[in-house]
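Undergrad: mmCIF, C-alpha atoms, file model07.cif:
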```cif
data_input
#
loop_
_atom_site.label_atom_id
_atom_site.label_comp_id
_atom_site.auth_asym_id
_atom_site.auth_seq_id
_atom_site.Cartn_x
_atom_site.Cartn_y
_atom_site.Cartn_z
CA MET H 1 -21.27 30.34 -14.17
CA ARG H 2 -24.83 31.54 -14.45
CA ASP H 3 -27.10 30.43 -11.57
CA SER H 4 -29.76 28.05 -12.89
CA ARG H 5 -32.21 29.39 -10.25
CA TRP H 6 -32.48 32.81 -11.91
CA PRO H 7 -35.01 31.77 -14.62
CA GLY H 8 -37.31 30.40 -11.92
CA VAL H 9 -36.95 33.56 -9.79
CA ALA H 10 -37.64 35.78 -12.78
CA THR H 11 -40.73 33.74 -13.65
CA ALA H 12 -42.02 33.99 -10.07
CA VAL H 13 -41.47 37.76 -10.06
CA ALA H 14 -43.29 38.12 -13.37
CA VAL H 15 -46.23 36.05 -12.10
CA LEU H 16 -46.44 38.12 -8.91
CA TRP H 17 -46.37 41.34 -10.93
CA ILE H 18 -49.16 40.10 -13.21
CA LEU H 19 -51.26 38.98 -10.24
CA SER H 20 -50.74 42.28 -8.41
CA THR H 21 -51.69 44.20 -11.54
CA VAL H 22 -54.78 42.10 -12.12
CA GLY H 23 -55.63 42.30 -8.43
CA TRP H 24 -55.48 46.08 -8.48
CA LEU H 25 -57.38 46.48 -11.74
CA GLY H 26 -59.95 43.81 -10.98
CA ILE H 27 -60.42 44.02 -7.18
CA ALA H 28 -58.66 46.82 -5.31
CA GLY H 29 -59.30 49.43 -7.98
CA PRO H 30 -63.06 48.80 -8.24
CA ILE H 31 -63.40 48.72 -4.43
CA TRP H 32 -61.57 52.03 -4.15
CA HIS H 33 -63.85 53.49 -6.82
CA ALA H 34 -66.88 52.06 -4.99
CA SER H 35 -65.88 53.91 -1.83
CA LYS H 36 -65.81 57.12 -3.78
CA HIS H 37 -68.96 56.52 -5.82
CA ALA H 38 -72.55 57.19 -4.84
CA SER H 39 -73.73 53.84 -6.34
CA PRO H 40 -71.05 51.31 -5.36
CA ASP H 41 -73.00 48.13 -6.20
CA ALA H 42 -71.75 47.88 -9.77
CA TRP H 43 -68.13 48.34 -8.72
CA ILE H 44 -68.41 45.84 -5.86
CA GLY H 45 -70.05 43.28 -8.18
CA PHE H 46 -67.28 43.73 -10.72
CA ALA H 47 -64.66 43.24 -7.98
CA GLY H 48 -66.42 40.09 -6.79
CA ASN H 49 -66.48 38.63 -10.28
CA ALA H 50 -62.82 39.51 -10.76
CA LEU H 51 -61.93 37.90 -7.43
CA GLY H 52 -63.77 34.71 -8.43
CA ALA H 53 -61.95 34.64 -11.76
CA ILE H 54 -58.56 35.11 -10.05
CA VAL H 55 -59.30 32.33 -7.59
CA ALA H 56 -60.32 30.04 -10.44
CA LEU H 57 -57.15 31.00 -12.34
CA LEU H 58 -54.98 30.26 -9.31
CA ALA H 59 -56.72 26.91 -8.84
CA ALA H 60 -56.11 26.07 -12.51
CA ILE H 61 -52.43 27.05 -12.20
CA VAL H 62 -52.00 24.90 -9.10
CA ALA H 63 -53.77 21.96 -10.76
CA GLY H 64 -51.67 22.37 -13.90
CA TYR H 65 -48.45 22.48 -11.91
CA ALA H 66 -49.48 19.38 -9.96
CA ALA H 67 -50.27 17.58 -13.22
CA TYR H 68 -46.90 18.64 -14.63
CA ARG H 69 -45.10 17.28 -11.56
CA THR H 70 -47.00 14.02 -12.02
CA VAL H 71 -46.37 13.72 -15.76
CA LEU H 72 -42.65 14.54 -15.60
CA PRO H 73 -41.62 11.29 -13.81
CA MET H 74 -43.85 9.34 -16.18
CA GLN H 75 -42.09 10.93 -19.16
CA ARG H 76 -38.73 9.98 -17.68
CA GLN H 77 -39.90 6.41 -17.13
CA LEU H 78 -41.23 6.24 -20.67
CA SER H 79 -37.93 7.54 -22.05
CA GLU H 80 -36.06 4.92 -20.04
CA LEU H 81 -38.35 2.17 -21.33
CA VAL H 82 -37.81 3.35 -24.90
CA ARG H 83 -34.03 3.38 -24.34
CA GLN H 84 -34.07 -0.14 -22.87
CA ASN H 85 -36.25 -1.36 -25.73
CA ASN H 86 -33.81 0.12 -28.25
CA PHE H 87 -30.91 -1.65 -26.54
CA ALA H 88 -32.78 -4.98 -26.51
CA HIS H 89 -33.84 -4.64 -30.15
CA TYR H 90 -30.30 -3.64 -31.16
CA ASP H 91 -28.91 -6.72 -29.40
CA ARG H 92 -31.46 -8.99 -31.11
CA LEU H 93 -30.60 -7.52 -34.52
CA GLN H 94 -26.89 -8.04 -33.96
CA ARG H 95 -27.34 -11.66 -32.87
CA ARG H 96 -29.62 -12.36 -35.84
CA ALA H 97 -27.15 -10.74 -38.24
CA ALA H 98 -24.33 -12.86 -36.76
CA ASP H 99 -26.38 -16.03 -37.26
CA LEU H 100 -27.02 -15.11 -40.89
CA VAL H 101 -23.31 -14.49 -41.47
CA ASP H 102 -22.57 -17.96 -40.06
CA ILE H 103 -25.14 -19.49 -42.42
CA LYS H 104 -23.64 -17.66 -45.41
CA ILE H 105 -20.19 -18.97 -44.49
CA LEU H 106 -21.54 -22.52 -44.26
CA ILE H 107 -23.20 -22.20 -47.68
CA GLU H 108 -19.94 -20.91 -49.17
CA ASN H 109 -18.02 -23.78 -47.59
CA ILE H 110 -20.40 -26.43 -48.88
CA THR H 111 -20.45 -25.10 -52.45
CA ALA H 112 -16.65 -24.82 -52.41
CA HIS H 113 -16.25 -28.34 -51.06
CA LEU H 114 -18.66 -29.67 -53.68
CA GLU H 115 -16.40 -28.20 -56.35
CA VAL H 116 -13.28 -29.63 -54.68
CA MET H 117 -14.95 -33.02 -54.45
CA ASP H 118 -15.89 -32.84 -58.11
CA ARG H 119 -12.30 -32.12 -59.09
CA SER H 120 -10.99 -34.92 -56.88
CA LEU H 121 -13.20 -37.40 -58.73
CA SER H 122 -11.32 -36.66 -61.93
CA LEU H 123 -7.96 -37.49 -60.33
CA SER H 124 -6.21 -40.73 -61.11
CA GLY H 125 -2.99 -42.40 -60.20
CA LEU H 126 -1.11 -42.60 -56.95
CA GLY H 127 -2.74 -40.72 -54.10
CA ALA H 128 -6.05 -40.09 -55.90
CA TYR H 129 -8.14 -42.01 -53.34
CA GLU H 130 -6.38 -40.25 -50.49
CA LYS H 131 -7.17 -36.82 -51.95
CA ARG H 132 -10.77 -37.86 -52.54
CA GLY H 133 -10.98 -38.94 -48.92
CA VAL H 134 -9.74 -35.55 -47.70
CA ALA H 135 -12.18 -33.72 -49.99
CA PHE H 136 -15.03 -35.93 -48.80
CA GLU H 137 -14.21 -35.34 -45.12
CA ARG H 138 -14.34 -31.59 -45.64
CA LEU H 139 -17.62 -31.84 -47.55
CA GLU H 140 -19.11 -34.09 -44.88
CA ALA H 141 -18.05 -31.72 -42.08
CA SER H 142 -19.50 -28.62 -43.77
CA VAL H 143 -22.78 -30.35 -44.63
CA GLY H 144 -23.06 -31.64 -41.08
CA ALA H 145 -22.44 -28.14 -39.66
CA LEU H 146 -25.21 -26.63 -41.79
CA ASN H 147 -27.55 -29.50 -40.94
CA MET H 148 -27.03 -28.77 -37.24
CA THR H 149 -28.27 -25.18 -37.74
CA ARG H 150 -31.70 -26.59 -38.64
CA ARG H 151 -32.31 -27.07 -34.93
CA SER H 152 -33.01 -23.34 -34.79
CA VAL H 153 -35.80 -22.64 -37.25
CA TRP H 154 -35.52 -19.19 -38.80
CA GLY H 155 -37.10 -17.12 -41.54
CA ASP H 156 -40.41 -17.27 -43.34
CA GLU H 157 -41.77 -20.26 -45.26
CA ASN H 158 -39.58 -19.50 -48.28
CA ALA H 159 -36.39 -19.39 -46.20
CA GLN H 160 -37.28 -22.61 -44.38
CA SER H 161 -38.10 -24.34 -47.66
CA LEU H 162 -34.83 -23.21 -49.27
CA THR H 163 -32.84 -24.36 -46.23
CA THR H 164 -34.44 -27.80 -46.31
CA TYR H 165 -33.93 -28.05 -50.07
CA PHE H 166 -30.25 -27.15 -49.92
CA VAL H 167 -29.41 -29.33 -46.93
CA ASP H 168 -31.26 -32.37 -48.28
CA ASN H 169 -29.60 -32.14 -51.69
CA SER H 170 -26.19 -31.54 -50.12
CA ILE H 171 -26.67 -34.76 -48.12
CA ARG H 172 -27.67 -36.56 -51.33
CA ALA H 173 -24.54 -35.26 -53.04
CA MET H 174 -22.44 -36.36 -50.08
CA THR H 175 -23.97 -39.85 -50.29
CA ALA H 176 -23.22 -40.03 -54.03
CA ALA H 177 -19.64 -38.92 -53.43
CA ARG H 178 -19.11 -41.51 -50.70
CA SER H 179 -19.51 -44.29 -53.26
CA ALA H 180 -16.37 -42.99 -55.01
CA LEU H 181 -14.20 -43.63 -51.96
CA ALA H 182 -11.98 -46.65 -51.57
CA GLY H 183 -13.75 -49.67 -50.14
CA SER H 184 -17.27 -48.50 -51.05
CA ALA H 185 -19.69 -51.33 -51.74
CA ARG H 186 -21.90 -49.05 -53.83
CA PRO H 187 -20.75 -48.38 -57.40
CA PHE H 188 -20.03 -44.76 -58.24
CA SER H 189 -22.14 -43.09 -60.96
CA ALA H 190 -20.59 -39.98 -62.51
CA ASP H 191 -23.91 -38.97 -64.08
CA GLU H 192 -25.77 -39.29 -60.78
CA TRP H 193 -23.09 -37.27 -59.02
CA ALA H 194 -23.11 -34.50 -61.65
CA ALA H 195 -26.92 -34.18 -61.52
CA ILE H 196 -27.16 -34.12 -57.72
CA LYS H 197 -24.20 -31.76 -57.37
CA LYS H 198 -25.77 -29.34 -59.86
CA VAL H 199 -29.06 -29.29 -57.93
CA ALA H 200 -27.25 -28.81 -54.61
CA VAL H 201 -25.22 -25.87 -55.91
CA GLU H 202 -28.34 -24.24 -57.34
CA GLY H 203 -30.05 -24.64 -53.98
CA GLY H 204 -27.05 -23.07 -52.28
CA VAL H 205 -27.17 -20.07 -54.60
CA ALA H 206 -30.89 -19.59 -53.93
CA LEU H 207 -30.49 -19.89 -50.15
CA TYR H 208 -27.48 -17.56 -50.17
CA SER H 209 -29.51 -14.92 -52.02
CA ARG H 210 -32.33 -15.23 -49.50
CA VAL H 211 -29.92 -14.92 -46.56
CA LYS H 212 -28.21 -11.92 -48.17
CA LEU H 213 -31.57 -10.21 -48.64
CA GLU H 214 -32.38 -10.51 -44.94
CA SER H 215 -28.82 -9.50 -43.99
CA ASP H 216 -29.15 -6.29 -46.00
CA ILE H 217 -32.44 -5.46 -44.28
CA LEU H 218 -30.95 -6.09 -40.84
CA SER H 219 -27.91 -3.97 -41.70
CA SER H 220 -30.18 -1.04 -42.56
CA GLU H 221 -32.11 -1.44 -39.30
CA ILE H 222 -28.88 -1.59 -37.27
CA ALA H 223 -27.53 1.52 -39.01
CA ALA H 224 -30.73 3.43 -38.18
CA LEU H 225 -30.87 2.24 -34.56
CA GLU H 226 -27.20 2.53 -33.61
CA PRO H 227 -27.13 6.35 -33.15
CA LEU H 228 -30.05 6.08 -30.71
CA VAL H 229 -28.42 3.28 -28.74
CA LEU H 230 -25.00 4.93 -28.61
CA SER H 231 -26.47 8.42 -28.03
CA ARG H 232 -24.62 10.06 -30.89
CA GLN H 233 -25.33 11.72 -34.20
CA PRO H 234 -25.39 9.49 -37.31
CA PHE H 235 -22.16 9.43 -39.26
CA PRO H 236 -22.28 11.32 -42.57
CA GLN H 237 -22.90 8.96 -45.45
CA LEU H 238 -20.31 9.79 -48.10
CA TRP H 239 -21.67 7.46 -50.76
CA LYS H 240 -24.52 5.07 -51.50
CA GLY H 241 -24.43 1.72 -53.21
CA ASP H 242 -21.22 -0.10 -54.13
CA TYR H 243 -17.79 0.63 -52.68
CA PRO H 244 -16.36 3.60 -54.63
CA GLY H 245 -12.74 2.43 -54.48
CA PRO H 246 -9.74 3.54 -52.36
CA GLU H 247 -8.83 6.66 -54.36
CA LYS H 248 -12.37 8.04 -54.45
CA LEU H 249 -12.86 7.17 -50.81
CA ALA H 250 -9.65 8.97 -49.83
CA GLU H 251 -10.90 12.11 -51.58
CA MET H 252 -14.23 11.87 -49.75
CA TYR H 253 -12.65 11.54 -46.31
CA SER H 254 -10.24 14.37 -47.02
CA GLY H 255 -13.20 16.69 -47.56
CA ASN H 256 -13.12 16.84 -51.37
CA ARG H 257 -16.67 15.62 -51.93
CA LYS H 258 -18.13 15.80 -55.41
#
```
Could you express the structure from this file as structure tokens?

TA:
Amino acid sequence: MRDSRWPGVATAVAVLWILSTVGWLGIAGPIWHASKHASPDAWIGFAGNALGAIVALLAAIVAGYAAYRTVLPMQRQLSELVRQNNFAHYDRLQRRAADLVDIKILIENITAHLEVMDRSLSLSGLGAYEKRGVAFERLEASVGALNMTRRSVWGDENAQSLTTYFVDNSIRAMTAARSALAGSARPFSADEWAAIKKVAVEGGVALYSRVKLESDILSSEIAALEPLVLSRQPFPQLWKGDYPGPEKLAEMYSGNRK
């Protein structure tokens, strides 16, 4: 194995050689010529100027080396701070992305349960009220779960407005559906239910689109930050856009890229 000290030794030898050469040409040489010359003042003055320049150069080198030794730990500290900041930001992005996935699942559940509730209202005969009760319980649970997420306010004004709109109309739809259950004192109105359910579903579609938009942005940020956090090269991106399908993907991973 090559000794890592050799580059430093070679550099020191080169510096000493340069200084000895400059010292001879700028100081020792002129003094030697002055001892042999009838008018030595010019040579002695030149040697003095050269000596002053060498001293100034040495002082600059020492100051530069001292500054380098001071800056190097600061650079290491800065790199460590950047690394810690990347880790913290990566963790925040992952937690935010997980929260958005949970919200998307709740939206999907509510819209699905609204459809199930709507179908249960058209049932008749033995067991119809029991099936409506089961459908209503599922709708009530999913709406309540999404309503609980409002404790943590997220997003810009548009996202907050869409969340409030969807939750409020889902609660209205749940209230309208409750009147169709057995023992309800409030008469059920099919027209009221259809209108409120339509508005709630539209609100769910709008909120889902808004959540998906932010999820896509976070996914891009995570993909860009992950190589820095994990200290690795980015994976090669074999395609962009929609999933190309299993056969095309198999060709890509086998090396047959087109």

Undergrad: Name the residues captured by the PyMOL selection byres ((chain H and resi 167) around 9) when it is applied to the shown file; answer as number ranges by chain.

TA: H: 143-144, 146-147, 162-166, 168-172, 200, 203-204

Undergrad: Using the selection just defined, write its residues with C-alpha atoms as an mmCIF file, keeping the file's coordinate frame.

TA:
```
data_model
loop_
_atom_site.group_PDB
_atom_site.id
_atom_site.type_symbol
_atom_site.label_atom_id
_atom_site.label_comp_id
_atom_site.auth_asym_id
_atom_site.auth_seq_id
_atom_site.Cartn_x
_atom_site.Cartn_y
_atom_site.Cartn_z
ATOM 1 C CA VAL H 143 -22.780 -30.350 -44.630
ATOM 2 C CA GLY H 144 -23.060 -31.640 -41.080
ATOM 3 C CA LEU H 146 -25.210 -26.630 -41.790
ATOM 4 C CA ASN H 147 -27.550 -29.500 -40.940
ATOM 5 C CA LEU H 162 -34.830 -23.210 -49.270
ATOM 6 C CA THR H 163 -32.840 -24.360 -46.230
ATOM 7 C CA THR H 164 -34.440 -27.800 -46.310
ATOM 8 C CA TYR H 165 -33.930 -28.050 -50.070
ATOM 9 C CA PHE H 166 -30.250 -27.150 -49.920
ATOM 10 C CA ASP H 168 -31.260 -32.370 -48.280
ATOM 11 C CA ASN H 169 -29.600 -32.140 -51.690
ATOM 12 C CA SER H 170 -26.190 -31.540 -50.120
ATOM 13 C CA ILE H 171 -26.670 -34.760 -48.120
ATOM 14 C CA ARG H 172 -27.670 -36.560 -51.330
ATOM 15 C CA ALA H 200 -27.250 -28.810 -54.610
ATOM 16 C CA GLY H 203 -30.050 -24.640 -53.980
ATOM 17 C CA GLY H 204 -27.050 -23.070 -52.280
#
```

Undergrad: Check the smallest atom-to-atom distance from each of H:Ala159, H:Met74, H:Ala59, H:Ala185 to Ile103 in chain H using all atoms listed in the file, then report the winner.

TA: H:Ala159

Undergrad: So, counting all atoms listed in the file, which residue among H:Phe136, H:Tyr208, H:Tyr253, H:Trp239 is closest to Leu106 in chain H?

TA: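 So, comparing all the options, the nearest one is H:Tyr208.
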
Undergrad: Do you have the CA of Ala97 in chain H-CA of Gly241 in chain H distance handy?

TA: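 Between CA of Ala97 in chain H and CA of Gly241 in chain H the gap works out to 19.7 Å.
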
Undergrad: So what do you get for CA of Lys131 in chain H versus CA of Thr149 in chain H, distance-wise?

TA: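 Computed distance, CA of Lys131 in chain H to CA of Thr149 in chain H, equals 28.0 Å.
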
Undergrad: For a test of reading the model, state the distance in Å between CA of Leu121 in chain H and CA of Thr175 in chain H, rounded to one decimal.

TA: 13.9 Å

Undergrad: Set the distance at 10 Å and use all atoms listed in the file: which residues neighbour Lys104 in chain H once local chain neighbours fewer than 6 positions away are removed? I'd like the list as a list in words.

TA: Ala98, Ile110, Leu146, Gly204, Leu207, Tyr208, Ser209, Arg210, Val211, Lys212 and Ser215 of chain H

Undergrad: Excluding Glu130 in chain H and any residue of its chain fewer than 2 positions from it, enumerate the residues within 12 Å of it, using all atoms listed in the file, and give them as a PyMOL selection string.

TA: chain H and resi 117+120-121+123-128+132-137+180-183

Undergrad: Give me the residues within 9 Å of Leu225 in chain H as a PyMOL selection string, counting all atoms listed in the file and dropping any in the same chain fewer than 4 places off.

TA: chain H and resi 86-87+89-90+220-221+229-230

Undergrad: Could you tell me which residues the PyMOL selection byres ((chain H and resi 223) around 12) grabs in this file, written as a compact mmCIF listing (two decimals) with C-alpha atoms, keeping the file's coordinate frame?

TA:
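Saved file part_24.txt follows:
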```txt
# COMPACT_ATOMS: atom_id res chain seq x y z
CA TYR H 90 -30.30 -3.64 -31.16
CA LEU H 93 -30.60 -7.52 -34.52
CA GLN H 94 -26.89 -8.04 -33.96
CA ASP H 216 -29.15 -6.29 -46.00
CA ILE H 217 -32.44 -5.46 -44.28
CA LEU H 218 -30.95 -6.09 -40.84
CA SER H 219 -27.91 -3.97 -41.70
CA SER H 220 -30.18 -1.04 -42.56
CA GLU H 221 -32.11 -1.44 -39.30
CA ILE H 222 -28.88 -1.59 -37.27
CA ALA H 224 -30.73 3.43 -38.18
CA LEU H 225 -30.87 2.24 -34.56
CA GLU H 226 -27.20 2.53 -33.61
CA PRO H 227 -27.13 6.35 -33.15
CA LEU H 228 -30.05 6.08 -30.71
CA VAL H 229 -28.42 3.28 -28.74
CA LEU H 230 -25.00 4.93 -28.61
CA GLN H 233 -25.33 11.72 -34.20
CA PRO H 234 -25.39 9.49 -37.31
CA PHE H 235 -22.16 9.43 -39.26
CA PRO H 236 -22.28 11.32 -42.57
CA GLN H 237 -22.90 8.96 -45.45
```

Undergrad: Which of these residues is nearest to Thr111 in chain H, using only C-alpha atoms: H:Val82, H:Met148, H:Val199, H:Val62?

TA: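 Between H:Val82, H:Met148, H:Val199, H:Val62, the residue approaching Thr111 in chain H most closely is H:Val199.
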
Undergrad: H:Val153, H:Ala145, H:Ala67, H:Ala176: which is nearest Ile105 in chain H, counting all atoms listed in the file?

TA: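 Going through H:Val153, H:Ala145, H:Ala67, H:Ala176 one by one, the smallest distance to Ile105 in chain H is for H:Ala145.
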
Undergrad: For range 102-156 of chain H, write C-alpha atoms out as a PDB file, in the first residue's frame.

TA:
```
ATOM      1  CA  ASP H 102     -53.928   8.433   5.010  1.00  0.00           C
ATOM      2  CA  ILE H 103     -56.156  11.312   3.877  1.00  0.00           C
ATOM      3  CA  LYS H 104     -56.469   9.837   0.377  1.00  0.00           C
ATOM      4  CA  ILE H 105     -57.497   6.494   1.873  1.00  0.00           C
ATOM      5  CA  LEU H 106     -60.136   8.210   4.015  1.00  0.00           C
ATOM      6  CA  ILE H 107     -61.519  10.060   0.981  1.00  0.00           C
ATOM      7  CA  GLU H 108     -61.698   6.801  -0.969  1.00  0.00           C
ATOM      8  CA  ASN H 109     -63.459   5.093   1.939  1.00  0.00           C
ATOM      9  CA  ILE H 110     -66.043   7.841   2.315  1.00  0.00           C
ATOM     10  CA  THR H 111     -66.890   7.998  -1.393  1.00  0.00           C
ATOM     11  CA  ALA H 112     -67.127   4.194  -1.515  1.00  0.00           C
ATOM     12  CA  HIS H 113     -69.356   4.090   1.561  1.00  0.00           C
ATOM     13  CA  LEU H 114     -71.574   6.804   0.097  1.00  0.00           C
ATOM     14  CA  GLU H 115     -72.115   4.593  -2.939  1.00  0.00           C
ATOM     15  CA  VAL H 116     -72.794   1.539  -0.754  1.00  0.00           C
ATOM     16  CA  MET H 117     -75.250   3.556   1.312  1.00  0.00           C
ATOM     17  CA  ASP H 118     -76.980   4.726  -1.849  1.00  0.00           C
ATOM     18  CA  ARG H 119     -77.385   1.152  -3.057  1.00  0.00           C
ATOM     19  CA  SER H 120     -78.666   0.010   0.331  1.00  0.00           C
ATOM     20  CA  LEU H 121     -81.442   2.601   0.147  1.00  0.00           C
ATOM     21  CA  SER H 122     -82.822   0.886  -2.924  1.00  0.00           C
ATOM     22  CA  LEU H 123     -83.075  -2.468  -1.130  1.00  0.00           C
ATOM     23  CA  SER H 124     -86.412  -3.793   0.008  1.00  0.00           C
ATOM     24  CA  GLY H 125     -87.713  -6.864   1.694  1.00  0.00           C
ATOM     25  CA  LEU H 126     -86.348  -8.937   4.522  1.00  0.00           C
ATOM     26  CA  GLY H 127     -83.023  -7.728   5.860  1.00  0.00           C
ATOM     27  CA  ALA H 128     -83.054  -4.396   4.006  1.00  0.00           C
ATOM     28  CA  TYR H 129     -82.971  -2.294   7.190  1.00  0.00           C
ATOM     29  CA  GLU H 130     -80.185  -4.430   8.607  1.00  0.00           C
ATOM     30  CA  LYS H 131     -78.045  -3.924   5.500  1.00  0.00           C
ATOM     31  CA  ARG H 132     -78.757  -0.199   5.572  1.00  0.00           C
ATOM     32  CA  GLY H 133     -77.643  -0.129   9.188  1.00  0.00           C
ATOM     33  CA  VAL H 134     -74.340  -1.817   8.339  1.00  0.00           C
ATOM     34  CA  ALA H 135     -73.756   0.564   5.416  1.00  0.00           C
ATOM     35  CA  PHE H 136     -74.559   3.554   7.620  1.00  0.00           C
ATOM     36  CA  GLU H 137     -72.169   2.408  10.368  1.00  0.00           C
ATOM     37  CA  ARG H 138     -69.330   2.169   7.869  1.00  0.00           C
ATOM     38  CA  LEU H 139     -70.152   5.585   6.415  1.00  0.00           C
ATOM     39  CA  GLU H 140     -70.363   7.115   9.879  1.00  0.00           C
ATOM     40  CA  ALA H 141     -67.009   5.605  10.908  1.00  0.00           C
ATOM     41  CA  SER H 142     -65.182   6.819   7.791  1.00  0.00           C
ATOM     42  CA  VAL H 143     -66.647  10.327   8.022  1.00  0.00           C
ATOM     43  CA  GLY H 144     -65.744  10.493  11.697  1.00  0.00           C
ATOM     44  CA  ALA H 145     -62.158   9.395  10.949  1.00  0.00           C
ATOM     45  CA  LEU H 146     -61.706  12.127   8.342  1.00  0.00           C
ATOM     46  CA  ASN H 147     -63.314  14.695  10.623  1.00  0.00           C
ATOM     47  CA  MET H 148     -60.750  13.839  13.311  1.00  0.00           C
ATOM     48  CA  THR H 149     -57.894  14.711  10.913  1.00  0.00           C
ATOM     49  CA  ARG H 150     -59.105  18.333  10.936  1.00  0.00           C
ATOM     50  CA  ARG H 151     -57.394  18.720  14.302  1.00  0.00           C
ATOM     51  CA  SER H 152     -54.133  18.994  12.358  1.00  0.00           C
ATOM     52  CA  VAL H 153     -54.541  21.859   9.913  1.00  0.00           C
ATOM     53  CA  TRP H 154     -52.566  21.314   6.715  1.00  0.00           C
ATOM     54  CA  GLY H 155     -52.152  22.849   3.289  1.00  0.00           C
ATOM     55  CA  ASP H 156     -52.823  26.273   1.870  1.00  0.00           C
TER      56      ASP H 156
END
```
